[in-house]
file work.cif (mmCIF, C-alpha atoms and all ligand atoms; chains and numbers go by the auth columns)
data_model
loop_
_atom_site.group_PDB
_atom_site.id
_atom_site.type_symbol
_atom_site.label_atom_id
_atom_site.label_comp_id
_atom_site.label_asym_id
_atom_site.label_seq_id
_atom_site.Cartn_x
_atom_site.Cartn_y
_atom_site.Cartn_z
_atom_site.B_iso_or_equiv
_atom_site.auth_seq_id
_atom_site.auth_asym_id
ATOM 1 C CA MET A 1 57.146 0.563 0.439 0.00 1 A
ATOM 2 C CA ALA A 2 54.198 2.174 2.236 0.00 2 A
ATOM 3 C CA THR A 3 51.574 -0.136 3.716 0.00 3 A
ATOM 4 C CA VAL A 4 47.901 0.157 2.820 0.00 4 A
ATOM 5 C CA GLU A 5 47.296 1.318 6.413 0.00 5 A
ATOM 6 C CA ALA A 6 49.769 4.155 5.916 0.00 6 A
ATOM 7 C CA ARG A 7 48.086 5.125 2.641 0.00 7 A
ATOM 8 C CA LYS A 8 44.706 5.049 4.328 0.00 8 A
ATOM 9 C CA ALA A 9 45.912 7.323 7.145 0.00 9 A
ATOM 10 C CA GLN A 10 47.414 9.677 4.569 0.00 10 A
ATOM 11 C CA LEU A 11 44.162 9.763 2.553 0.00 11 A
ATOM 12 C CA GLU A 12 42.020 10.313 5.636 0.00 12 A
ATOM 13 C CA ALA A 13 44.230 13.177 6.810 0.00 13 A
ATOM 14 C CA ARG A 14 43.992 14.792 3.383 0.00 14 A
ATOM 15 C CA LEU A 15 40.211 14.302 3.378 0.00 15 A
ATOM 16 C CA ASP A 16 39.910 16.072 6.752 0.00 16 A
ATOM 17 C CA GLU A 17 42.060 18.925 5.488 0.00 17 A
ATOM 18 C CA LEU A 18 39.986 19.349 2.315 0.00 18 A
ATOM 19 C CA THR A 19 36.692 19.153 4.185 0.00 19 A
ATOM 20 C CA ALA A 20 37.849 21.865 6.612 0.00 20 A
ATOM 21 C CA ARG A 21 39.035 24.012 3.706 0.00 21 A
ATOM 22 C CA LEU A 22 35.724 23.673 1.866 0.00 22 A
ATOM 23 C CA GLN A 23 33.840 24.686 4.990 0.00 23 A
ATOM 24 C CA ARG A 24 36.004 27.815 5.204 0.00 24 A
ATOM 25 C CA ILE A 25 35.358 28.570 1.525 0.00 25 A
ATOM 26 C CA GLU A 26 31.620 28.181 2.019 0.00 26 A
ATOM 27 C CA SER A 27 31.562 30.522 4.985 0.00 27 A
ATOM 28 C CA GLU A 28 33.592 33.081 2.983 0.00 28 A
ATOM 29 C CA LEU A 29 31.079 32.854 0.147 0.00 29 A
ATOM 30 C CA GLU A 30 28.245 33.493 2.579 0.00 30 A
ATOM 31 C CA GLN A 31 29.730 36.821 3.710 0.00 31 A
ATOM 32 C CA PRO A 32 27.406 39.753 3.046 0.00 32 A
ATOM 33 C CA VAL A 33 28.097 41.803 -0.077 0.00 33 A
ATOM 34 C CA SER A 34 29.601 45.298 0.368 0.00 34 A
ATOM 35 C CA ASP A 35 27.764 48.490 -0.490 0.00 35 A
ATOM 36 C CA SER A 36 30.483 50.017 -2.633 0.00 36 A
ATOM 37 C CA PHE A 37 30.556 49.044 -6.304 0.00 37 A
ATOM 38 C CA ALA A 38 34.378 48.821 -6.379 0.00 38 A
ATOM 39 C CA GLU A 39 34.398 46.485 -3.424 0.00 39 A
ATOM 40 C CA GLN A 40 31.675 44.391 -4.974 0.00 40 A
ATOM 41 C CA ALA A 41 33.810 43.905 -8.091 0.00 41 A
ATOM 42 C CA VAL A 42 36.746 42.717 -5.971 0.00 42 A
ATOM 43 C CA GLU A 43 34.483 40.436 -4.003 0.00 43 A
ATOM 44 C CA ARG A 44 33.078 38.904 -7.164 0.00 44 A
ATOM 45 C CA GLU A 45 36.587 38.098 -8.353 0.00 45 A
ATOM 46 C CA GLU A 46 37.463 36.602 -4.998 0.00 46 A
ATOM 47 C CA GLU A 47 34.312 34.534 -5.089 0.00 47 A
ATOM 48 C CA GLU A 48 35.194 33.140 -8.489 0.00 48 A
ATOM 49 C CA VAL A 49 38.616 32.103 -7.194 0.00 49 A
ATOM 50 C CA LEU A 50 37.017 30.538 -4.138 0.00 50 A
ATOM 51 C CA GLU A 51 34.472 28.692 -6.270 0.00 51 A
ATOM 52 C CA ASP A 52 37.260 27.286 -8.463 0.00 52 A
ATOM 53 C CA LEU A 53 39.145 26.172 -5.371 0.00 53 A
ATOM 54 C CA GLY A 54 35.953 24.654 -4.038 0.00 54 A
ATOM 55 C CA ALA A 55 35.273 22.739 -7.253 0.00 55 A
ATOM 56 C CA ALA A 56 38.838 21.363 -7.309 0.00 56 A
ATOM 57 C CA GLY A 57 38.493 20.394 -3.656 0.00 57 A
ATOM 58 C CA VAL A 58 35.186 18.601 -4.229 0.00 58 A
ATOM 59 C CA GLN A 59 36.741 16.679 -7.115 0.00 59 A
ATOM 60 C CA GLU A 60 39.696 15.629 -4.955 0.00 60 A
ATOM 61 C CA ILE A 61 37.380 14.614 -2.099 0.00 61 A
ATOM 62 C CA ARG A 62 35.447 12.317 -4.496 0.00 62 A
ATOM 63 C CA MET A 63 38.691 10.697 -5.643 0.00 63 A
ATOM 64 C CA ILE A 64 39.859 10.181 -2.063 0.00 64 A
ATOM 65 C CA GLU A 65 36.524 8.661 -1.032 0.00 65 A
ATOM 66 C CA ALA A 66 36.708 6.299 -4.021 0.00 66 A
ATOM 67 C CA ALA A 67 40.275 5.369 -3.038 0.00 67 A
ATOM 68 C CA LEU A 68 39.151 4.640 0.547 0.00 68 A
ATOM 69 C CA ASP A 69 36.391 2.396 -0.896 0.00 69 A
ATOM 70 C CA ARG A 70 38.996 0.518 -2.917 0.00 70 A
ATOM 71 C CA ILE A 71 41.076 0.069 0.248 0.00 71 A
ATOM 72 C CA ASP A 72 38.007 -1.465 1.956 0.00 72 A
ATOM 73 C CA GLN A 73 37.423 -3.737 -1.024 0.00 73 A
ATOM 74 C CA GLY A 74 41.071 -4.751 -1.212 0.00 74 A
ATOM 75 C CA THR A 75 41.546 -3.446 -4.740 0.00 75 A
ATOM 76 C CA TYR A 76 43.574 -0.371 -3.794 0.00 76 A
ATOM 77 C CA GLY A 77 46.822 0.036 -5.691 0.00 77 A
ATOM 78 C CA THR A 78 45.464 -1.782 -8.746 0.00 78 A
ATOM 79 C CA CYS A 79 44.669 0.234 -11.870 0.00 79 A
ATOM 80 C CA VAL A 80 40.876 0.334 -12.427 0.00 80 A
ATOM 81 C CA VAL A 81 41.394 0.404 -16.191 0.00 81 A
ATOM 82 C CA CYS A 82 43.990 -2.269 -16.999 0.00 82 A
ATOM 83 C CA GLY A 83 44.310 -4.097 -13.671 0.00 83 A
ATOM 84 C CA ASP A 84 48.089 -3.636 -13.425 0.00 84 A
ATOM 85 C CA PRO A 85 49.605 -2.551 -10.108 0.00 85 A
ATOM 86 C CA ILE A 86 49.961 1.210 -9.742 0.00 86 A
ATOM 87 C CA GLY A 87 53.597 2.035 -8.990 0.00 87 A
ATOM 88 C CA ASP A 88 54.477 2.851 -5.406 0.00 88 A
ATOM 89 C CA ASP A 89 56.308 5.991 -6.473 0.00 89 A
ATOM 90 C CA ARG A 90 53.114 7.163 -8.198 0.00 90 A
ATOM 91 C CA LEU A 91 51.001 6.436 -5.108 0.00 91 A
ATOM 92 C CA ASP A 92 53.484 8.410 -3.000 0.00 92 A
ATOM 93 C CA VAL A 93 52.656 11.506 -5.060 0.00 93 A
ATOM 94 C CA LEU A 94 48.982 10.777 -5.840 0.00 94 A
ATOM 95 C CA PRO A 95 47.649 8.305 -3.255 0.00 95 A
ATOM 96 C CA GLN A 96 44.055 8.787 -4.467 0.00 96 A
ATOM 97 C CA THR A 97 44.735 7.939 -8.117 0.00 97 A
ATOM 98 C CA PRO A 98 42.599 5.113 -9.568 0.00 98 A
ATOM 99 C CA MET A 99 44.843 4.610 -12.619 0.00 99 A
ATOM 100 C CA CYS A 100 48.384 3.557 -13.402 0.00 100 A
ATOM 101 C CA ARG A 101 50.647 6.061 -15.129 0.00 101 A
ATOM 102 C CA ASP A 102 50.115 4.539 -18.600 0.00 102 A
ATOM 103 C CA CYS A 103 46.314 4.644 -18.401 0.00 103 A
ATOM 104 C CA ALA A 104 46.283 8.148 -16.900 0.00 104 A
ATOM 105 C CA ALA A 105 48.510 9.346 -19.755 0.00 105 A
ATOM 106 C CA ARG A 106 46.085 7.914 -22.320 0.00 106 A
ATOM 107 C CA ARG A 107 43.138 9.938 -20.987 0.00 107 A
HETATM 108 ZN ZN ZN B . 46.367 0.980 -16.120 0.00 201 A
#

call {"tool": "encode", "arguments": {"input": "work.cif", "output": "C-alpha cells", "more": "lines below"}}
Ligand SMILES: [Zn+2]
result
Amino acid sequence: MATVEARKAQLEARLDELTARLQRIESELEQPVSDSFAEQAVEREEEEVLEDLGAAGVQEIRMIEAALDRIDQGTYGTCVVCGDPIGDDRLDVLPQTPMCRDCAARR
C-alpha cells in the first residue's frame, strides 16, 4: 500500500510535467502564422489538437491541485461523494481522483 507521502510525490511530479507541457503548448500556439494558405490550414489543425491537449491538461491540473488540497486536509483517499475509502488499486491508476469507483461510474 502506497503512503500518502508517496501519492503526494507522485501527484507533484505529474503536476510539474503537465505544467511544463502546457507551457510548451502555449509557446507553440504563439508561433507566427505562415504566409501560404496550405500551411495555414495545417497549422490551424495543429492548433486545434494543441488546444484540446491544453484543455485536457488544465482539467487534470485542477484535479491534481484539488487532490493535493485533500492531502493537506487529511481527507485524501476518501470519496468526496459517499465518504467511503477509495481503493488503493484505483489510486494507483488515478491518484488525483476525488471519487470511489462506484460513484465515478454513476456520473
Ligand atoms: Zn463514493

call {"tool": "residues_around", "arguments": {"input": "work.cif", "residues": "Ile61 of chain A", "least_positions_apart": "4", "cutoff": "8 Å", "atoms": "only C-alpha atoms", "output": "PDB file with C-alpha atoms, keeping the file's coordinate frame"}}
result
ATOM      1  CA  LEU A  15      40.211  14.302   3.378  1.00  0.00           C
ATOM      2  CA  LEU A  18      39.986  19.349   2.315  1.00  0.00           C
ATOM      3  CA  THR A  19      36.692  19.153   4.185  1.00  0.00           C
ATOM      4  CA  GLY A  57      38.493  20.394  -3.656  1.00  0.00           C
ATOM      5  CA  GLU A  65      36.524   8.661  -1.032  1.00  0.00           C
TER       6      GLU A  65
END

call {"tool": "residues_near_ligand", "arguments": {"input": "work.cif", "ligand": "ligand ZN 201 (chain A)", "cutoff": "12 Å", "atoms": "only C-alpha atoms and all ligand atoms", "output": "short mmCIF file (atom, residue, chain, number, x, y, z; two decimals) with C-alpha atoms, keeping the file's coordinate frame"}}
result
data_model
loop_
_atom_site.label_atom_id
_atom_site.label_comp_id
_atom_site.auth_asym_id
_atom_site.auth_seq_id
_atom_site.Cartn_x
_atom_site.Cartn_y
_atom_site.Cartn_z
CA GLY A 77 46.82 0.04 -5.69
CA THR A 78 45.46 -1.78 -8.75
CA CYS A 79 44.67 0.23 -11.87
CA VAL A 80 40.88 0.33 -12.43
CA VAL A 81 41.39 0.40 -16.19
CA CYS A 82 43.99 -2.27 -17.00
CA GLY A 83 44.31 -4.10 -13.67
CA ASP A 84 48.09 -3.64 -13.42
CA PRO A 85 49.60 -2.55 -10.11
CA ILE A 86 49.96 1.21 -9.74
CA GLY A 87 53.60 2.04 -8.99
CA THR A 97 44.74 7.94 -8.12
CA PRO A 98 42.60 5.11 -9.57
CA MET A 99 44.84 4.61 -12.62
CA CYS A 100 48.38 3.56 -13.40
CA ARG A 101 50.65 6.06 -15.13
CA ASP A 102 50.12 4.54 -18.60
CA CYS A 103 46.31 4.64 -18.40
CA ALA A 104 46.28 8.15 -16.90
CA ALA A 105 48.51 9.35 -19.76
CA ARG A 106 46.08 7.91 -22.32
CA ARG A 107 43.14 9.94 -20.99
#

call {"tool": "closest_residue", "arguments": {"input": "work.cif", "among": "A:Asp35, A:Leu68, A:Gln59, A:Asp88", "to": "Gln10 of chain A", "atoms": "only C-alpha atoms"}}
result
A:Leu68

call {"tool": "atom_distance", "arguments": {"input": "work.cif", "atom1": "atom CA of Asp72 of chain A", "atom2": "atom CA of Leu91 of chain A"}}
result
16.8 Å

call {"tool": "residues_around", "arguments": {"input": "work.cif", "residues": "Arg21 of chain A", "least_positions_apart": "4", "cutoff": "9 Å", "atoms": "only C-alpha atoms", "output": "list in words"}}
result
Asp16, Glu17, Ile25, Glu26, Gly54 and Gly57 of chain A

call {"tool": "atom_distance", "arguments": {"input": "work.cif", "atom1": "atom CA of Glu30 of chain A", "atom2": "atom CA of Glu43 of chain A"}}
result
11.4 Å

call {"tool": "closest_residue", "arguments": {"input": "work.cif", "among": "A:Leu29, A:Ala6, A:Ile71, A:Glu60", "to": "Glu45 of chain A", "atoms": "all atoms listed in the file"}}
result
A:Leu29

call {"tool": "closest_residue", "arguments": {"input": "work.cif", "among": "A:Gln40, A:Asp89, A:Val58, A:Gln96", "to": "Tyr76 of chain A", "atoms": "only C-alpha atoms"}}
result
A:Gln96

call {"tool": "atom_distance", "arguments": {"input": "work.cif", "atom1": "atom CA of Leu22 of chain A", "atom2": "atom CA of Ala66 of chain A"}}
result
18.4 Å

call {"tool": "axis_aligned_box", "arguments": {"input": "work.cif", "around": "segment 4-13 of chain A", "padding_each_side": "3 Å", "output": "AutoDock Vina command-line options"}}
result
--center_x 45.9 --center_y 6.7 --center_z 4.8 --size_x 13.7 --size_y 19.0 --size_z 10.6
